[in-house]
Structure formats: structure tokens, C-alpha cells
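Trainee: If it helps, the file is called structure_37.cif and holds mmCIF, C-alpha atoms and all ligand atoms:
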data_entry
loop_
_atom_site.label_atom_id
_atom_site.label_comp_id
_atom_site.auth_asym_id
_atom_site.auth_seq_id
_atom_site.Cartn_x
_atom_site.Cartn_y
_atom_site.Cartn_z
CA MET B 7 -93.18 -37.29 57.52
CA SER B 8 -96.04 -37.06 59.97
CA ASP B 9 -95.21 -36.51 63.62
CA VAL B 10 -97.48 -36.66 66.65
CA LEU B 11 -98.96 -33.19 66.29
CA ASP B 12 -99.73 -33.75 62.60
CA ARG B 13 -101.44 -37.05 63.42
CA ILE B 14 -103.50 -35.41 66.17
CA ALA B 15 -104.50 -32.56 63.84
CA ALA B 16 -105.60 -35.08 61.20
CA TYR B 17 -107.89 -37.14 63.45
CA LYS B 18 -109.16 -34.01 65.23
CA ARG B 19 -110.30 -32.50 61.92
CA GLU B 20 -112.24 -35.70 61.20
CA GLU B 21 -113.69 -35.78 64.70
CA VAL B 22 -114.83 -32.16 64.44
CA ALA B 23 -116.30 -32.68 60.97
CA ALA B 24 -118.43 -35.52 62.34
CA ARG B 25 -119.51 -33.47 65.35
CA LYS B 26 -120.40 -30.50 63.16
CA ALA B 27 -122.50 -32.75 60.96
CA ALA B 28 -124.38 -33.90 64.07
CA ALA B 29 -124.84 -30.46 65.70
CA SER B 30 -125.17 -27.15 63.85
CA GLN B 31 -123.57 -23.94 65.10
CA ASP B 32 -127.05 -22.86 66.28
CA ALA B 33 -127.54 -26.09 68.21
CA VAL B 34 -124.18 -25.86 69.92
CA GLU B 35 -124.73 -22.17 70.69
CA ALA B 36 -128.06 -22.99 72.31
CA ARG B 37 -126.26 -25.41 74.63
CA ALA B 38 -123.50 -22.86 75.29
CA ASN B 39 -126.09 -20.25 76.26
CA GLU B 40 -127.45 -22.60 78.91
CA ALA B 41 -124.09 -23.45 80.42
CA SER B 42 -123.08 -22.27 83.88
CA ALA B 43 -121.56 -18.75 83.66
CA PRO B 44 -117.82 -18.54 82.98
CA ARG B 45 -115.53 -18.32 86.00
CA GLY B 46 -112.67 -15.87 85.52
CA PHE B 47 -109.67 -18.04 84.73
CA ARG B 48 -106.99 -15.44 84.08
CA ALA B 49 -108.36 -13.29 86.92
CA ALA B 50 -107.97 -16.16 89.40
CA LEU B 51 -104.33 -16.63 88.40
CA ALA B 52 -103.54 -12.90 88.47
CA GLN B 53 -105.19 -12.50 91.86
CA ARG B 54 -103.25 -15.40 93.41
CA PHE B 55 -99.98 -14.08 92.02
CA ALA B 56 -100.76 -10.59 93.36
CA GLU B 57 -101.53 -12.01 96.81
CA THR B 58 -98.53 -14.31 97.14
CA GLY B 59 -95.89 -13.00 94.75
CA ARG B 60 -95.49 -16.61 93.60
CA PRO B 61 -96.77 -18.38 90.51
CA ALA B 62 -100.36 -19.64 90.71
CA LEU B 63 -101.08 -23.27 89.83
CA ILE B 64 -103.21 -24.63 87.00
CA ALA B 65 -103.46 -28.29 88.01
CA GLU B 66 -104.13 -30.78 85.23
CA ILE B 67 -106.48 -33.76 85.26
CA LYS B 68 -104.73 -36.13 82.89
CA LYS B 69 -105.09 -39.90 82.76
CA ALA B 70 -102.57 -40.71 80.04
CA SER B 71 -100.41 -39.07 77.40
CA PRO B 72 -98.81 -40.11 74.12
CA SER B 73 -95.33 -39.66 75.59
CA LYS B 74 -95.88 -41.37 78.98
CA GLY B 75 -98.74 -43.82 78.35
CA LEU B 76 -101.03 -44.47 81.31
CA ILE B 77 -100.16 -42.01 84.09
CA ARG B 78 -102.97 -42.57 86.58
CA PRO B 79 -104.99 -45.82 86.59
CA ASP B 80 -107.40 -44.87 89.43
CA PHE B 81 -108.85 -41.88 87.65
CA ASP B 82 -111.77 -40.03 89.27
CA PRO B 83 -112.02 -36.45 87.93
CA PRO B 84 -114.27 -35.00 90.69
CA LEU B 85 -112.10 -36.43 93.48
CA LEU B 86 -108.92 -35.25 91.76
CA ALA B 87 -110.43 -31.79 91.27
CA GLN B 88 -111.23 -31.54 94.97
CA ALA B 89 -107.77 -32.72 96.00
CA TYR B 90 -106.22 -30.09 93.75
CA GLU B 91 -108.50 -27.39 95.16
CA ARG B 92 -107.69 -28.30 98.77
CA GLY B 93 -103.98 -28.46 97.90
CA GLY B 94 -103.95 -24.86 96.70
CA ALA B 95 -104.50 -24.92 92.94
CA SER B 96 -106.03 -21.74 91.49
CA CYS B 97 -107.43 -23.30 88.32
CA LEU B 98 -107.85 -26.71 86.70
CA SER B 99 -106.97 -28.05 83.26
CA VAL B 100 -108.97 -31.05 82.05
CA LEU B 101 -107.94 -33.12 79.02
CA THR B 102 -110.92 -33.97 76.82
CA ASP B 103 -109.06 -35.57 73.90
CA GLY B 104 -109.83 -39.28 73.78
CA PRO B 105 -107.44 -40.92 71.30
CA SER B 106 -104.14 -39.57 72.68
CA PHE B 107 -104.89 -38.67 76.31
CA GLN B 108 -107.76 -41.01 77.30
CA GLY B 109 -109.73 -37.86 78.07
CA ASP B 110 -113.45 -37.32 77.71
CA ASP B 111 -115.77 -34.33 77.35
CA ALA B 112 -117.66 -35.51 80.42
CA TYR B 113 -114.57 -35.19 82.64
CA LEU B 114 -114.63 -31.40 82.23
CA GLY B 115 -118.15 -30.91 83.57
CA ALA B 116 -117.69 -33.54 86.27
CA ALA B 117 -114.49 -31.94 87.58
CA ARG B 118 -115.87 -28.41 87.35
CA ALA B 119 -119.07 -29.28 89.20
CA ALA B 120 -117.03 -30.62 92.13
CA VAL B 121 -115.09 -27.38 92.80
CA ALA B 122 -115.26 -23.59 92.60
CA LEU B 123 -112.16 -23.34 90.41
CA PRO B 124 -112.15 -22.02 86.82
CA CYS B 125 -111.43 -24.78 84.29
CA LEU B 126 -109.46 -24.93 81.05
CA ARG B 127 -110.69 -27.34 78.40
CA LYS B 128 -107.43 -28.96 77.30
CA GLU B 129 -108.27 -29.80 73.72
CA PHE B 130 -106.79 -29.46 70.26
CA LEU B 131 -108.76 -26.68 68.59
CA VAL B 132 -108.72 -26.80 64.80
CA ASP B 133 -112.07 -25.13 64.09
CA ALA B 134 -113.90 -22.15 65.59
CA TRP B 135 -116.98 -24.38 66.06
CA GLN B 136 -115.13 -25.99 68.97
CA VAL B 137 -115.15 -22.75 70.96
CA ALA B 138 -118.92 -22.67 71.51
CA GLU B 139 -118.74 -26.44 72.06
CA SER B 140 -116.16 -25.83 74.81
CA ARG B 141 -118.46 -23.31 76.49
CA ALA B 142 -121.34 -25.77 76.20
CA LEU B 143 -119.19 -28.29 78.08
CA GLY B 144 -118.59 -25.72 80.83
CA ALA B 145 -115.13 -24.47 79.87
CA ASP B 146 -113.95 -21.18 81.40
CA CYS B 147 -110.87 -21.04 79.19
CA ILE B 148 -109.74 -22.55 75.90
CA LEU B 149 -106.29 -23.48 74.60
CA ILE B 150 -104.88 -22.07 71.37
CA ILE B 151 -101.82 -24.05 70.28
CA MET B 152 -99.94 -21.74 67.92
CA ASP B 153 -98.19 -24.67 66.22
CA MET B 154 -101.59 -26.07 65.19
CA VAL B 155 -103.28 -22.98 63.78
CA ASP B 156 -102.49 -20.24 61.30
CA ASP B 157 -102.77 -16.60 62.32
CA ALA B 158 -106.29 -16.24 60.92
CA LEU B 159 -107.65 -19.24 62.83
CA ALA B 160 -105.85 -18.15 66.01
CA ALA B 161 -107.54 -14.74 65.76
CA GLU B 162 -110.91 -16.38 65.13
CA LEU B 163 -110.54 -18.70 68.13
CA LEU B 164 -109.53 -15.82 70.38
CA ALA B 165 -112.43 -13.63 69.20
CA GLU B 166 -114.90 -16.48 69.75
CA ALA B 167 -113.54 -17.11 73.24
CA THR B 168 -113.99 -13.43 74.06
CA ARG B 169 -117.51 -13.44 72.62
CA TRP B 170 -118.41 -16.32 74.97
CA GLY B 171 -116.81 -14.67 78.01
CA MET B 172 -113.98 -17.19 78.20
CA ASP B 173 -110.27 -16.64 78.55
CA ALA B 174 -107.74 -18.14 76.16
CA LEU B 175 -104.35 -19.65 76.94
CA ILE B 176 -102.16 -19.09 73.90
CA GLU B 177 -99.50 -21.79 73.79
CA THR B 178 -96.06 -21.28 72.27
CA HIS B 179 -92.94 -23.40 72.04
CA ASP B 180 -90.44 -21.35 70.04
CA ALA B 181 -89.53 -17.75 69.24
CA ASP B 182 -91.52 -17.66 66.02
CA GLU B 183 -94.70 -18.80 67.78
CA MET B 184 -94.10 -16.27 70.57
CA ALA B 185 -93.78 -13.50 67.97
CA ARG B 186 -97.06 -14.63 66.36
CA ALA B 187 -98.73 -14.79 69.79
CA ALA B 188 -97.50 -11.28 70.62
CA LYS B 189 -99.03 -9.96 67.39
CA LEU B 190 -102.26 -11.81 68.10
CA VAL B 191 -102.75 -10.14 71.49
CA GLN B 192 -101.53 -6.69 70.48
CA GLY B 193 -103.76 -4.02 72.01
CA ARG B 194 -105.37 -6.40 74.53
CA ASP B 195 -104.82 -6.18 78.27
CA ASP B 196 -106.12 -9.68 79.04
CA ALA B 197 -103.51 -11.83 77.30
CA MET B 198 -102.36 -15.12 78.74
CA ILE B 199 -99.42 -16.75 76.99
CA GLY B 200 -98.11 -20.21 77.76
CA VAL B 201 -94.66 -21.58 77.08
CA ASN B 202 -94.76 -25.34 76.65
CA ASN B 203 -91.46 -26.77 77.83
CA ARG B 204 -92.35 -29.98 75.98
CA SER B 205 -92.25 -30.20 72.21
CA LEU B 206 -95.53 -31.68 70.96
CA ARG B 207 -93.56 -33.06 68.01
CA THR B 208 -90.55 -34.71 69.70
CA PHE B 209 -91.75 -34.83 73.37
CA GLU B 210 -88.39 -33.42 74.43
CA VAL B 211 -88.71 -31.37 77.65
CA ASP B 212 -86.43 -28.46 78.58
CA LEU B 213 -87.25 -25.81 81.20
CA ALA B 214 -84.82 -23.49 79.41
CA THR B 215 -87.63 -23.01 76.88
CA THR B 216 -89.51 -20.90 79.45
CA GLU B 217 -86.36 -18.92 80.22
CA GLN B 218 -85.67 -18.22 76.55
CA LEU B 219 -89.22 -17.28 75.54
CA ALA B 220 -90.13 -15.31 78.68
CA ALA B 221 -87.87 -12.54 77.48
CA LEU B 222 -89.86 -12.34 74.23
CA SER B 223 -93.28 -12.36 75.88
CA PRO B 224 -95.23 -9.10 75.40
CA THR B 225 -95.46 -6.88 78.47
CA GLY B 226 -98.77 -7.20 80.24
CA ALA B 227 -99.32 -10.80 79.17
CA LEU B 228 -99.68 -13.29 82.01
CA LEU B 229 -96.95 -15.85 81.41
CA VAL B 230 -97.69 -19.51 82.09
CA ALA B 231 -94.88 -22.10 82.30
CA GLU B 232 -96.19 -25.46 81.06
CA SER B 233 -94.99 -29.06 81.36
CA GLY B 234 -92.07 -30.85 82.95
CA LEU B 235 -92.38 -29.21 86.38
CA PHE B 236 -91.65 -31.73 89.15
CA THR B 237 -90.04 -29.99 92.13
CA PRO B 238 -90.22 -26.71 94.08
CA GLN B 239 -86.81 -26.02 92.51
CA ASP B 240 -88.34 -26.30 89.04
CA VAL B 241 -91.08 -23.90 90.16
CA ALA B 242 -88.52 -21.43 91.51
CA ARG B 243 -86.60 -21.61 88.24
CA VAL B 244 -89.55 -20.67 86.02
CA ALA B 245 -90.75 -18.09 88.56
CA GLU B 246 -87.35 -16.46 88.33
CA ALA B 247 -87.75 -16.42 84.53
CA GLY B 248 -91.01 -14.47 84.89
CA ALA B 249 -93.76 -17.12 85.02
CA ARG B 250 -96.82 -15.95 86.95
CA ALA B 251 -98.58 -19.30 86.61
CA LEU B 252 -97.70 -22.98 86.18
CA LEU B 253 -99.44 -25.78 84.31
CA VAL B 254 -98.63 -29.11 85.96
CA GLY B 255 -100.01 -32.56 85.25
CA GLU B 256 -97.84 -35.66 85.42
CA SER B 257 -95.83 -34.93 88.55
CA LEU B 258 -99.02 -34.50 90.59
CA MET B 259 -101.09 -37.18 88.83
CA ARG B 260 -98.49 -39.81 89.75
CA GLN B 261 -98.82 -39.21 93.50
CA ALA B 262 -101.12 -41.29 95.72
CA ASP B 263 -101.93 -38.21 97.83
CA VAL B 264 -102.63 -35.51 95.26
CA GLU B 265 -103.59 -32.87 97.82
CA ALA B 266 -100.32 -33.25 99.75
CA ALA B 267 -98.29 -33.34 96.53
CA THR B 268 -99.94 -30.14 95.33
CA ARG B 269 -99.20 -28.40 98.61
CA ALA B 270 -95.60 -29.64 98.57
CA LEU B 271 -95.00 -28.43 95.02
CA LEU B 272 -96.18 -24.94 95.95
CA ALA B 273 -94.30 -24.84 99.28
O1 LIG B 301 -97.77 -33.44 82.55
P1 LIG B 301 -96.90 -32.22 82.53
O2 LIG B 301 -95.53 -32.48 82.00
O3 LIG B 301 -96.87 -31.55 83.89
O4 LIG B 301 -97.57 -31.20 81.49
C1 LIG B 301 -98.86 -30.64 81.70
C2 LIG B 301 -99.29 -29.85 80.46
O5 LIG B 301 -98.43 -28.77 80.30
C3 LIG B 301 -99.28 -30.73 79.21
O6 LIG B 301 -100.20 -31.76 79.41
C4 LIG B 301 -99.60 -29.97 77.94
C5 LIG B 301 -99.20 -28.72 77.62
N1 LIG B 301 -99.70 -28.33 76.41
C6 LIG B 301 -100.44 -29.34 75.94
C7 LIG B 301 -101.20 -29.42 74.76
C8 LIG B 301 -101.90 -30.55 74.52
C9 LIG B 301 -101.87 -31.62 75.41
C10 LIG B 301 -101.13 -31.56 76.58
C11 LIG B 301 -100.42 -30.41 76.85
#
Just give me the structure of the file as C-alpha cells.
Mentor:
Amino acid sequence: MSDVLDRIAAYKREEVAARKAAASQDAVEARANEASAPRGFRAALAQRFAETGRPALIAEIKKASPSKGLIRPDFDPPLLAQAYERGGASCLSVLTDGPSFQGDDAYLGAARAAVALPCLRKEFLVDAWQVAESRALGADCILIIMDMVDDALAAELLAEATRWGMDALIETHDADEMARAAKLVQGRDDAMIGVNNRSLRTFEVDLATTEQLAALSPTGALLVAESGLFTPQDVARVAEAGARALLVGESLMRQADVEAATRALLA
């Protein structure tokens, strides 16, 4: 009865409850107020797309995943961040979830401090408290997974992100979630909507997901194609569908020379 996403949601709620018991909203806000100012995440992607006419890259720092196990044994977030930056990435995504992705909160700050790129905290948000926490950790952008939140929580997360000067990547995987995302961003001109080609419940990957949902994406939203992108042909395919940015992890994390692989993917 319980699939991967349900299991993650269950342990994340416990994790957040424990963290909230240890640090009040005021305490976490005090840390957020001292964090280095947000770097414009969506703006960096939009600018790169405007300059090149090709999708901009959000490169992901990801050690392991529930579907692939250990992806990169020699894992050094600052060095990986610099390789991505030199290779032409416009933004970074850093996994902070420990149990499923072998991530860590500290990786976000360490990667961000090593580069000038805006950084997404790749985390499962189940409580608005985590938004100020993300800012305290240095995040420039948060992730809102529509499959994990109801409309009220999604709106709360988005409003909190805006209040802290961060962008939000709103992740969808089917037409219903895209419709909910479109409603959520109605009236805003700063929307960023992701289409995850991988199901977080079955791990099945299909680039046709981007093609199908792109047509349903609200006009004005910056469309991000996520997961399962391995070749320049894959990139061309989602670009053709309307993606203005890409979120790529595994295919780059598996390469010995991350800088060269990043450059080759974007070539
Ligand atoms: O490693 P890939 O297939 O290139 O995928 C990267 C990214 O899209 C994926 O890690 C991801 C997309 N949405 C998520 C939500 C939670 C955790 C992970 C993800």
C-alpha cells in the first residue's frame, strides 16, 4: 500500500517534527535573516535561455538515489559544483535528504560557497517551517512537489518562498498536477514549473512526459524538464517540446570528468 513517495513523506514528517521541536520558527528565521542574500535562480535560467535560445542547465549534486543506489562514490560537493560551473551550468541543485539520497544539509552551503551559481535545495517539503530552514541553509530556490502537498500547503510554501526572496520550482508529473500548478501560479509572472520524467512512485522514466505536459503548462511559466536526460539528443527533444531549462543529475554524476560531460551534454 505504501510506495516510495509515501514512505519518504512519512519519515520526512517525523524528521521535521523533531527539527521543529529543536528550533522554533523564530530561531530558524533568525538564521535565515543572516544567510547570504538569495541569488536569482529563475532569472539566471531565463537569461541564459534568452542569450542562447537553448535550455539552461540546472546541474544536480546527487550521491545516490532510491532507484539507482550509489551513483558517485567519490563525492565532493564543492569540487563538483566548480566542475559544473566551468562546464556551463546556470544553476545547481543539491540533494539534502539523507535517508533516500545520502544527501546532507551541509552539502548545500559547501557547494554554494564554491561557486557564483544560484542553488536549489532539493528536499521533500512537507511543512512551511522548512522554507525558512532552506533559506537559513543558503537556498536560492525551493522545490514544491505537487504529488506531496495539497493545494493549501503548496500555496503556503510558495508564499513563504516569495517572502524570503527565493524562487520555487513547482514539480509536476501528470496532467492533474499540472492543472493544480497552473492554478497555483495564476496571476504571477515568475512561475517556474518542472515536469519530472521519472515517477517518484514507480521510478519509471519517459521523456514523453515532458512532451505531454508542456502543452498544458501555463503561458509565461518557465518550463523545466527533469530527470532521465542523458544525451544531446534527449536535450534537443525536450527543447523542442518547450523546455527552457533542464534538471540533470545521474548522467553527469556518473562521469569521471564532470566538466567535460557537462559541456558535451550542452553542445
Ligand atoms: O538523475 P536524473 O535522472 O538526471 O534526475 C535529476 C532530478 O530530476 C531528480 O533527481 C529529481 C527530480 N525530482 C526529484 C524530487 C526528489 C528527488 C529527486 C528528484
Trainee: Enumerate residues in contact with ligand LIG 301 (chain B): an atom-to-atom distance of at most 10 Å, counting all atoms listed in the file. Format the result as a PDB file with C-alpha atoms, in the coordinates of the input.
Mentor:
ATOM      1  CA  LEU B  11     -98.960 -33.190  66.290  1.00  0.00           C
ATOM      2  CA  ILE B  14    -103.500 -35.410  66.170  1.00  0.00           C
ATOM      3  CA  ILE B  64    -103.210 -24.630  87.000  1.00  0.00           C
ATOM      4  CA  ALA B  65    -103.460 -28.290  88.010  1.00  0.00           C
ATOM      5  CA  GLU B  66    -104.130 -30.780  85.230  1.00  0.00           C
ATOM      6  CA  ILE B  67    -106.480 -33.760  85.260  1.00  0.00           C
ATOM      7  CA  LYS B  68    -104.730 -36.130  82.890  1.00  0.00           C
ATOM      8  CA  LYS B  69    -105.090 -39.900  82.760  1.00  0.00           C
ATOM      9  CA  ALA B  70    -102.570 -40.710  80.040  1.00  0.00           C
ATOM     10  CA  SER B  71    -100.410 -39.070  77.400  1.00  0.00           C
ATOM     11  CA  PRO B  72     -98.810 -40.110  74.120  1.00  0.00           C
ATOM     12  CA  SER B  73     -95.330 -39.660  75.590  1.00  0.00           C
ATOM     13  CA  LYS B  74     -95.880 -41.370  78.980  1.00  0.00           C
ATOM     14  CA  ILE B  77    -100.160 -42.010  84.090  1.00  0.00           C
ATOM     15  CA  SER B  99    -106.970 -28.050  83.260  1.00  0.00           C
ATOM     16  CA  VAL B 100    -108.970 -31.050  82.050  1.00  0.00           C
ATOM     17  CA  LEU B 101    -107.940 -33.120  79.020  1.00  0.00           C
ATOM     18  CA  THR B 102    -110.920 -33.970  76.820  1.00  0.00           C
ATOM     19  CA  ASP B 103    -109.060 -35.570  73.900  1.00  0.00           C
ATOM     20  CA  SER B 106    -104.140 -39.570  72.680  1.00  0.00           C
ATOM     21  CA  PHE B 107    -104.890 -38.670  76.310  1.00  0.00           C
ATOM     22  CA  LYS B 128    -107.430 -28.960  77.300  1.00  0.00           C
ATOM     23  CA  GLU B 129    -108.270 -29.800  73.720  1.00  0.00           C
ATOM     24  CA  PHE B 130    -106.790 -29.460  70.260  1.00  0.00           C
ATOM     25  CA  LEU B 131    -108.760 -26.680  68.590  1.00  0.00           C
ATOM     26  CA  LEU B 149    -106.290 -23.480  74.600  1.00  0.00           C
ATOM     27  CA  ILE B 150    -104.880 -22.070  71.370  1.00  0.00           C
ATOM     28  CA  ILE B 151    -101.820 -24.050  70.280  1.00  0.00           C
ATOM     29  CA  LEU B 175    -104.350 -19.650  76.940  1.00  0.00           C
ATOM     30  CA  ILE B 176    -102.160 -19.090  73.900  1.00  0.00           C
ATOM     31  CA  GLU B 177     -99.500 -21.790  73.790  1.00  0.00           C
ATOM     32  CA  THR B 178     -96.060 -21.280  72.270  1.00  0.00           C
ATOM     33  CA  HIS B 179     -92.940 -23.400  72.040  1.00  0.00           C
ATOM     34  CA  GLY B 200     -98.110 -20.210  77.760  1.00  0.00           C
ATOM     35  CA  VAL B 201     -94.660 -21.580  77.080  1.00  0.00           C
ATOM     36  CA  ASN B 202     -94.760 -25.340  76.650  1.00  0.00           C
ATOM     37  CA  ASN B 203     -91.460 -26.770  77.830  1.00  0.00           C
ATOM     38  CA  ARG B 204     -92.350 -29.980  75.980  1.00  0.00           C
ATOM     39  CA  SER B 205     -92.250 -30.200  72.210  1.00  0.00           C
ATOM     40  CA  LEU B 206     -95.530 -31.680  70.960  1.00  0.00           C
ATOM     41  CA  PHE B 209     -91.750 -34.830  73.370  1.00  0.00           C
ATOM     42  CA  VAL B 211     -88.710 -31.370  77.650  1.00  0.00           C
ATOM     43  CA  VAL B 230     -97.690 -19.510  82.090  1.00  0.00           C
ATOM     44  CA  ALA B 231     -94.880 -22.100  82.300  1.00  0.00           C
ATOM     45  CA  GLU B 232     -96.190 -25.460  81.060  1.00  0.00           C
ATOM     46  CA  SER B 233     -94.990 -29.060  81.360  1.00  0.00           C
ATOM     47  CA  GLY B 234     -92.070 -30.850  82.950  1.00  0.00           C
ATOM     48  CA  LEU B 235     -92.380 -29.210  86.380  1.00  0.00           C
ATOM     49  CA  PHE B 236     -91.650 -31.730  89.150  1.00  0.00           C
ATOM     50  CA  LEU B 252     -97.700 -22.980  86.180  1.00  0.00           C
ATOM     51  CA  LEU B 253     -99.440 -25.780  84.310  1.00  0.00           C
ATOM     52  CA  VAL B 254     -98.630 -29.110  85.960  1.00  0.00           C
ATOM     53  CA  GLY B 255    -100.010 -32.560  85.250  1.00  0.00           C
ATOM     54  CA  GLU B 256     -97.840 -35.660  85.420  1.00  0.00           C
ATOM     55  CA  SER B 257     -95.830 -34.930  88.550  1.00  0.00           C
ATOM     56  CA  LEU B 258     -99.020 -34.500  90.590  1.00  0.00           C
ATOM     57  CA  MET B 259    -101.090 -37.180  88.830  1.00  0.00           C
ATOM     58  CA  ARG B 260     -98.490 -39.810  89.750  1.00  0.00           C
TER      59      ARG B 260
END
Trainee: To one decimal in Å, tell me the separation between atom CA of Leu86 of chain B and atom CA of Ala117 of chain B.
Mentor: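 Spanning atom CA of Leu86 of chain B to atom CA of Ala117 of chain B is a straight-line distance of 7.7 Å.
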Trainee: Mind checking which residues fall within 8 Å of Arg141 of chain B, counting all atoms listed in the file, ignoring those fewer than 2 positions away in the same chain, and posting them as a list in words?
Mentor: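 That gives Ala38, Ala41, Val137, Ala138, Glu139, Leu143, Gly144, Ala145, Asp146, Trp170 and Met172 of chain B.
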Trainee: When you draw a straight line from atom CA of Glu40 of chain B to atom CA of Ser96 of chain B, how long is it in Å?
Mentor: 24.9 Å
Trainee: From the options B:Ala158, B:Ala15, B:Ala24, B:Ala112, which residue's atoms come nearest to Ala142 of chain B, counting all atoms listed in the file?
Mentor: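 Smallest distance to Ala142 of chain B is found for B:Ala112.
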Trainee: Between B:Cys125, B:Ala28, B:Ala62, B:Ala245, which one has atoms that come closest to Arg45 of chain B, using all atoms listed in the file?
Mentor: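 Going through B:Cys125, B:Ala28, B:Ala62, B:Ala245 one by one, the smallest distance to Arg45 of chain B is for B:Cys125.
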Trainee: To one decimal in Å, tell me the separation between atom CA of Val10 of chain B and atom CA of Thr215 of chain B.
Mentor: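 Between atom CA of Val10 of chain B and atom CA of Thr215 of chain B the gap is 19.7 Å.
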Trainee: Residues near Val121 of chain B, anyone? I mean within 8 Å using only C-alpha atoms, not counting same-chain ones fewer than 2 positions away, as a list in words.
Mentor: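 Answer for this query is Pro84, Ala87, Gln88, Glu91, Ala117, Arg118, Ala119 and Leu123 of chain B.
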Trainee: Between B:Leu114, B:Val34, B:Ala167, B:Ala95, which has the minimum distance to Ala267 of chain B (counting only C-alpha atoms)?
Mentor: B:Ala95
Trainee: Using all atoms listed in the file, which of B:Tyr90, B:Tyr113, B:Phe55, B:Trp135 sits nearest Asp263 of chain B?
Mentor: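 The closest residue to Asp263 of chain B is B:Tyr90.
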Trainee: If the box runs along x, y and z of the file and leaves 4 Å on each side of segment 55-61 of chain B, what are its centre and edge lengths in Å, one decimal, as JSON?
Mentor:
{"center_x": -98.5, "center_y": -14.5, "center_z": 93.8, "size_x": 14.0, "size_y": 15.8, "size_z": 14.6}
Trainee: Leaving out Thr225 of chain B and any residue of its chain fewer than 4 positions from it, which residues lie within 10 Å of it when counting all atoms listed in the file, given as a list in words?
Mentor: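 With the cut-off at 10 Å, the set is Ala188, Asp195, Ala197, Ala220, Ala221 and Leu229 of chain B.
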